[in-house]
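Asker: One structure follows; several queries about it will come next.
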2 protein chains.
Amino acid sequence: MKMASDQLRSLATALLESRGAEPQAAALQADLLVEAELRGLPSHGLQRLPFLLSRLEKGLADGCARGVWTWSRRAFLDVDGERGLGPVVLMNAMRCLKQNLPGMGIGVAAIRNANHIGMLAYYAEAAARDGLIGIVASTSEALVHPFGGTKAMLGTNPLAIGIPTGDRPFVLDLATSVVSMGKIRNHALRGAPIPPGWAVDADGHSTQDPVAAQSGAIAPFGGAKGYGLGLAIELLVAALAGSALSPDVRGTLDDDHPANKGDLLILIDPSAGAGTIPALTSYLDSLRLSRPLDATRPVAIPGDGARSRRAAAIDDGIALPQPLFEQLMALEAA
Amino acid sequence: MKMASDQLRSLATALLESRGAEPQAAALQADLLVEAELRGLPSHGLQRLPFLLSRLEKGLADGCARGVWTWSRRAFLDVDGERGLGPVVLMNAMRCLKQNLPGMGIGVAAIRNANHIGMLAYYAEAAARDGLIGIVASTSEALVHPFGGTKAMLGTNPLAIGIPTGDRPFVLDLATSVVSMGKIRNHALRGAPIPPGWAVDADGHSTQDPVAAQSGAIAPFGGAKGYGLGLAIELLVAALAGSALSPDVRGTLDDDHPANKGDLLILIDPSAGAGTIPALTSYLDSLRLSRPLDATRPVAIPGDGARSRRAAAIDDGIALPQPLFEQLMALEAA
């Protein structure tokens, strides 16, 4: 069953408000979840909503908190998220950094004690649409094993980079794991084996069984290099935000614990630099037009795919799985 | 034939001075090249020296220039490298950023018109040893094809991240290509095939012939994600430094053109954040001690391998290929 994105946005907003979130906070959190659905990223979409509602009910998330920020240095914003909703705390930090940016040219916000920030592309794209470069990173529960290791010791530690370029901003958003736990769970539901190289089981042996993989660990993407990048994000976020390291992280996948991971946002004003946006735009166009490996699949720029999926889903509506839809209806009635 | 690192450092310094580099600049450039040799990265070592000397002779590199810097914003340093030696311009920019860091907490330097900065780990490690987080990125000639593409349209666009942790700083240094062109050249010299997936030939077909690969393009590391990261670096550097995009880059592999790539340095003061270095250090130790996939190969932390290679090479000396050694001797006599 398909629903219009506006309808889902209203439904999610109303549910969040009914659990005590203030209207603006509810609208922003709902928008983030629906935007993930529109871009074809259901793992960061409305399936997160029941958990969030439960977290609000239990006081693990505070739908009125916006975070307390302190300029620990003139371009360094230290943020205590006060258990606020992830997107609320992050977008508030972004506003605060932006006010300072004309003078500074660059600024960083380090955030602890906020709830899950969801799809990072949302923030990177928001920055790029404002003509700014946005770099966002976040940590998570330990799900990823080190390169050459067998134990889940790192978060999926995503990184997003938004860069203003013409009317189609460059928006990179990648987890540093080879695949998301959501995709492995999806294979388990379908009873399909996972490809070799995705995961190890609880004993540290390479496995193609998605159920065994869920109690094991996911591989980092790109071998030693992707592991190095994921580990760098782990350390950067913890060092600057004072958040937990992933073996001690809780609260982004459950409704039992406060969220103690960290988030990082760096904003840079490209008008402080010597480059020009038209030069970037025409370079990206030359990439799009360069000869592809497969004549039917043109070279893509990060952000292009999500944009076209979004455009189609706005026209066609969003297909929620029936059990999730029923769960949301029941929560609305409650 | 093996030589002590000090001997090689003196030899390289003398050669650079003889081509007009001022003593401090010559010593720094020589140190960078020898440190690459010590860490087992000969592609960024003394084999670069003959090119550099030729560039100094032709005026493509200026051994006395330190770069002209302007604070375009309070935490944004705009640097014209004035054809200076890469490490000289970059280390000067780092000094300049550092002076500003106690007040700002973060700062960025964007550099154009400097020569090749070589092994990025050098700078990331220097920052970390000073108790700072250093993030370094650079662009290069087009050598890498986009994911799903066939044409060399991106630089190898390396990224280095240094983070202070106990007495062994975390030092990540990765090219966003799956392998360096130096390694492909090395296979060609040995007449050995390259593994599948490393490169395409000039017609865009996947190849295991290292000679054909040299006129083709190298694959990005880690598929679409590594491509996205390399492209983000390409755009970030060009946007902020005003340097050329890789299809137009010249001057890091030849001695015919001015170097028009760009470099980026971000410094962050972790004392502005809420994290602690002991927490990072003990987390890294727990990673090192976690169960490896292969019992004989413990889990490694980026920087560990280079450190132990360096320690061994300081004791054992550095083995230069005989032709390179003879070339350097001839240049000394010239």
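Residues in the structure tokens are named by chain (A, B, ... in the order shown) and by number from 1 within that chain; ligands are numbered from 1 in the order shown.
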Quick one: DSSP strand (DSSP E or B) residues in range 145-309 of chain B, as a list in words?
Answerer: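 Strand (DSSP E or B) assignments inside range 145-309 of chain B correspond to Gly149, Leu154, Leu159, Ala160, Ile161, Gly162, Ile163, Phe170, Val171, Leu172, Asp173, Leu174, Ser177, Ala199, Val200, Ser206, Thr207, Ala217, Ile218, Pro220, Gly262, Asp263, Leu264, Leu265, Ile266, Leu267, Ile268 and Pro292 of chain B.
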Asker: Can I get the selection written as a CSV table (one decimal), in the first residue's frame, with C-alpha atoms?
Answerer:
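What landed in part-v4.csv:
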```csv
chain,number,residue,atom,x,y,z
B,149,GLY,CA,33.5,4.5,-15.5
B,154,LEU,CA,40.2,11.7,-10.7
B,159,LEU,CA,43.7,11.7,2.8
B,160,ALA,CA,45.7,11.5,6.0
B,161,ILE,CA,44.3,11.9,9.5
B,162,GLY,CA,46.6,12.1,12.6
B,163,ILE,CA,45.1,11.9,16.1
B,170,PHE,CA,47.0,7.2,15.2
B,171,VAL,CA,48.2,8.1,11.6
B,172,LEU,CA,46.0,7.1,8.7
B,173,ASP,CA,47.3,7.8,5.2
B,174,LEU,CA,45.4,6.4,2.3
B,177,SER,CA,42.8,4.6,-5.6
B,199,ALA,CA,42.9,-1.1,-13.6
B,200,VAL,CA,41.5,-0.7,-17.1
B,206,SER,CA,39.6,-4.5,-17.4
B,207,THR,CA,43.3,-5.5,-17.7
B,217,ALA,CA,43.2,4.2,-15.4
B,218,ILE,CA,43.4,2.8,-11.9
B,220,PRO,CA,39.0,3.6,-6.9
B,262,GLY,CA,45.9,21.8,-4.4
B,263,ASP,CA,46.4,20.8,-0.8
B,264,LEU,CA,44.2,21.1,2.3
B,265,LEU,CA,45.1,21.1,5.9
B,266,ILE,CA,42.6,21.2,8.8
B,267,LEU,CA,43.9,21.4,12.3
B,268,ILE,CA,41.7,20.8,15.4
B,292,PRO,CA,42.6,-11.6,14.8
```
Asker: Name all residues at most 10 Å from Gly182 in chain B (count only C-alpha atoms; drop same-chain ones fewer than 6 positions away) and give them as an MDAnalysis selection string.
Answerer: chainID B and resid 41:44 188 214
Asker: Which of these residues is nearest to Ala239 in chain B, using only C-alpha atoms: A:Pro164, A:Pro102, A:Pro158, A:Pro210?
Answerer: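 The answer is A:Pro164, which sits nearest to Ala239 in chain B.
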Asker: Residues within 8 Å of range 87-98 of chain A, please, as JSON, numbers by chain. Count only C-alpha atoms; anything in the same chain fewer than 6 positions from it doesn't count.
Answerer: {"A": [25, 28, 29, 32, 65, 66, 67, 69, 75, 77, 79, 81, 107, 108, 109, 111, 114, 116, 117, 118, 123, 265, 267]}
Asker: Those residues with N, CA and C atoms, as a PDB file, in the first residue's frame please?
Answerer:
```pdb
ATOM      1  N   ALA A  25       9.990  20.436  16.649  1.00  0.00           N
ATOM      2  CA  ALA A  25      10.867  19.271  16.793  1.00  0.00           C
ATOM      3  C   ALA A  25      10.226  18.058  16.132  1.00  0.00           C
ATOM      4  N   LEU A  28      10.456  18.333  12.315  1.00  0.00           N
ATOM      5  CA  LEU A  28      11.805  18.098  11.793  1.00  0.00           C
ATOM      6  C   LEU A  28      12.150  16.612  11.841  1.00  0.00           C
ATOM      7  N   GLN A  29      11.878  15.970  12.992  1.00  0.00           N
ATOM      8  CA  GLN A  29      12.161  14.534  13.110  1.00  0.00           C
ATOM      9  C   GLN A  29      11.351  13.748  12.075  1.00  0.00           C
ATOM     10  N   LEU A  32      12.850  14.153   8.544  1.00  0.00           N
ATOM     11  CA  LEU A  32      14.056  13.341   8.350  1.00  0.00           C
ATOM     12  C   LEU A  32      13.687  11.897   8.004  1.00  0.00           C
ATOM     13  N   ALA A  65      13.939  19.219  24.174  1.00  0.00           N
ATOM     14  CA  ALA A  65      15.329  19.662  24.350  1.00  0.00           C
ATOM     15  C   ALA A  65      15.935  20.041  23.005  1.00  0.00           C
ATOM     16  N   ARG A  66      16.751  21.084  23.019  1.00  0.00           N
ATOM     17  CA  ARG A  66      17.442  21.500  21.783  1.00  0.00           C
ATOM     18  C   ARG A  66      18.946  21.405  21.903  1.00  0.00           C
ATOM     19  N   GLY A  67      19.425  21.024  23.082  1.00  0.00           N
ATOM     20  CA  GLY A  67      20.867  20.961  23.310  1.00  0.00           C
ATOM     21  C   GLY A  67      21.371  22.259  23.919  1.00  0.00           C
ATOM     22  N   TRP A  69      24.573  24.627  24.045  1.00  0.00           N
ATOM     23  CA  TRP A  69      25.850  24.797  23.357  1.00  0.00           C
ATOM     24  C   TRP A  69      26.711  25.859  23.999  1.00  0.00           C
ATOM     25  N   ALA A  75      35.643  29.023  17.207  1.00  0.00           N
ATOM     26  CA  ALA A  75      35.063  28.283  16.082  1.00  0.00           C
ATOM     27  C   ALA A  75      34.765  26.834  16.467  1.00  0.00           C
ATOM     28  N   LEU A  77      32.204  24.530  18.746  1.00  0.00           N
ATOM     29  CA  LEU A  77      30.959  24.519  19.497  1.00  0.00           C
ATOM     30  C   LEU A  77      30.830  23.189  20.233  1.00  0.00           C
ATOM     31  N   VAL A  79      28.577  20.782  22.342  1.00  0.00           N
ATOM     32  CA  VAL A  79      27.125  20.630  22.488  1.00  0.00           C
ATOM     33  C   VAL A  79      26.766  19.433  23.370  1.00  0.00           C
ATOM     34  N   GLY A  81      23.641  17.363  24.089  1.00  0.00           N
ATOM     35  CA  GLY A  81      22.335  17.208  23.443  1.00  0.00           C
ATOM     36  C   GLY A  81      21.165  17.058  24.387  1.00  0.00           C
ATOM     37  N   GLY A 107      33.927  26.069  11.026  1.00  0.00           N
ATOM     38  CA  GLY A 107      33.540  25.853  12.409  1.00  0.00           C
ATOM     39  C   GLY A 107      33.199  24.398  12.619  1.00  0.00           C
ATOM     40  N   VAL A 108      33.332  23.941  13.847  1.00  0.00           N
ATOM     41  CA  VAL A 108      33.013  22.544  14.154  1.00  0.00           C
ATOM     42  C   VAL A 108      32.093  22.486  15.359  1.00  0.00           C
ATOM     43  N   ALA A 109      31.107  21.589  15.301  1.00  0.00           N
ATOM     44  CA  ALA A 109      30.258  21.314  16.449  1.00  0.00           C
ATOM     45  C   ALA A 109      30.449  19.856  16.845  1.00  0.00           C
ATOM     46  N   ILE A 111      28.945  16.944  19.348  1.00  0.00           N
ATOM     47  CA  ILE A 111      27.678  16.722  20.049  1.00  0.00           C
ATOM     48  C   ILE A 111      27.684  15.383  20.794  1.00  0.00           C
ATOM     49  N   ALA A 114      22.837  13.190  22.342  1.00  0.00           N
ATOM     50  CA  ALA A 114      21.666  13.417  21.490  1.00  0.00           C
ATOM     51  C   ALA A 114      21.214  12.069  20.963  1.00  0.00           C
ATOM     52  N   HIS A 116      19.568   9.449  17.941  1.00  0.00           N
ATOM     53  CA  HIS A 116      20.040   9.055  16.605  1.00  0.00           C
ATOM     54  C   HIS A 116      19.787  10.158  15.573  1.00  0.00           C
ATOM     55  N   ILE A 117      20.817  10.519  14.808  1.00  0.00           N
ATOM     56  CA  ILE A 117      20.624  11.588  13.821  1.00  0.00           C
ATOM     57  C   ILE A 117      20.149  11.043  12.475  1.00  0.00           C
ATOM     58  N   GLY A 118      20.068   9.717  12.334  1.00  0.00           N
ATOM     59  CA  GLY A 118      19.480   9.144  11.122  1.00  0.00           C
ATOM     60  C   GLY A 118      20.348   9.328   9.897  1.00  0.00           C
ATOM     61  N   TYR A 123      21.629  16.360   6.465  1.00  0.00           N
ATOM     62  CA  TYR A 123      22.331  17.538   6.977  1.00  0.00           C
ATOM     63  C   TYR A 123      23.358  18.064   5.973  1.00  0.00           C
ATOM     64  N   LEU A 265      29.894  17.838  13.291  1.00  0.00           N
ATOM     65  CA  LEU A 265      29.509  18.634  12.119  1.00  0.00           C
ATOM     66  C   LEU A 265      30.574  19.689  11.884  1.00  0.00           C
ATOM     67  N   LEU A 267      31.379  22.822   9.278  1.00  0.00           N
ATOM     68  CA  LEU A 267      30.876  23.674   8.191  1.00  0.00           C
ATOM     69  C   LEU A 267      32.024  24.538   7.686  1.00  0.00           C
TER      70      LEU A 267
END
```
Asker: I'd like the neighbourhood of Pro193 in chain A as a list of chain:residue names, where a residue qualifies if any of its atoms comes within 12 Å (using only C-alpha atoms), though same-chain residues fewer than 5 positions away should be ignored.
Answerer: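 Listing them by chain and then by number gives A:Lys183, A:Ile184, A:Arg185, A:Asn186, A:His187, A:Ala188, A:Trp198, A:Ala199, A:Thr207, A:Gln208, A:Asp209, A:Pro210, A:Val211, A:Ala212, A:Ala213.
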Asker: Do a neighbour search on Ile301 in chain A at 12 Å with only C-alpha atoms, toss out local chain neighbours closer than 2 positions, and write the hits as a PyMOL selection string.
Answerer: (chain A and resi 162-163+165+168-173+281+283-290+298-299+303-308) or (chain B and resi 146-149+224-225+227-232+235)
Asker: Looking at only C-alpha atoms, which of B:Thr13, B:Thr296, B:Ser243, B:Gln322 is the one that sits closest to chain A?
Answerer: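 Among the listed residues, B:Ser243 lies closest to chain A.
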Asker: Choose the residue, out of B:Leu331, B:Ile106, B:Ala30, B:Met1, that has the smallest atom-to-atom separation from chain A; count only C-alpha atoms.
Answerer: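 With only C-alpha atoms as the atom set, the closest residue is B:Ile106.
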Asker: Considering only C-alpha atoms, return as a tab-separated table (two decimals) with C-alpha atoms, in the first residue's frame whatever protein or nucleic-acid residues lie within 10 Å of Asp254 in chain A, sequence-local ones (same chain, fewer than 2 positions apart) excluded.
Answerer:
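out_19.tsv, written as the output of this step:
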```
chain	number	residue	atom	x	y	z
A	48	ARG	CA	12.68	3.92	13.39
A	51	PHE	CA	11.45	3.06	18.80
A	52	LEU	CA	11.57	6.85	18.95
A	54	SER	CA	8.93	4.50	22.99
A	55	ARG	CA	12.08	6.44	23.82
A	250	ARG	CA	23.91	2.11	23.48
A	251	GLY	CA	20.69	3.77	22.53
A	252	THR	CA	20.45	4.07	18.75
A	256	ASP	CA	16.30	0.81	26.92
A	257	HIS	CA	19.35	3.05	27.16
A	258	PRO	CA	20.24	6.72	26.83
A	259	ALA	CA	22.00	7.42	23.50
```
Asker: Pick out the closest residue to chain B from this set: A:Val178, A:Leu293, A:Met329, A:Leu101. Count only C-alpha atoms.
Answerer: A:Leu293
Asker: Of the candidates A:Ser140, A:Ser72, A:Ser180, A:Ser282, which one gets nearest to chain B if we count only C-alpha atoms?
Answerer: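 The shortest atom-to-atom distance to chain B comes from A:Ser72.
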Asker: I'd like to know which residues of range 76-141 of chain A are alpha helix (DSSP H) (by DSSP, run on the backbone); could you write them as an MDAnalysis selection string?
Answerer: chainID A and resid 86:104 121:129
Asker: If I take CA of Leu46 in chain A and CA of Gly86 in chain A, how far is one from the other in Å, to one decimal?
Answerer: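 If I compute the distance from CA of Leu46 in chain A to CA of Gly86 in chain A, I get 14.8 Å.
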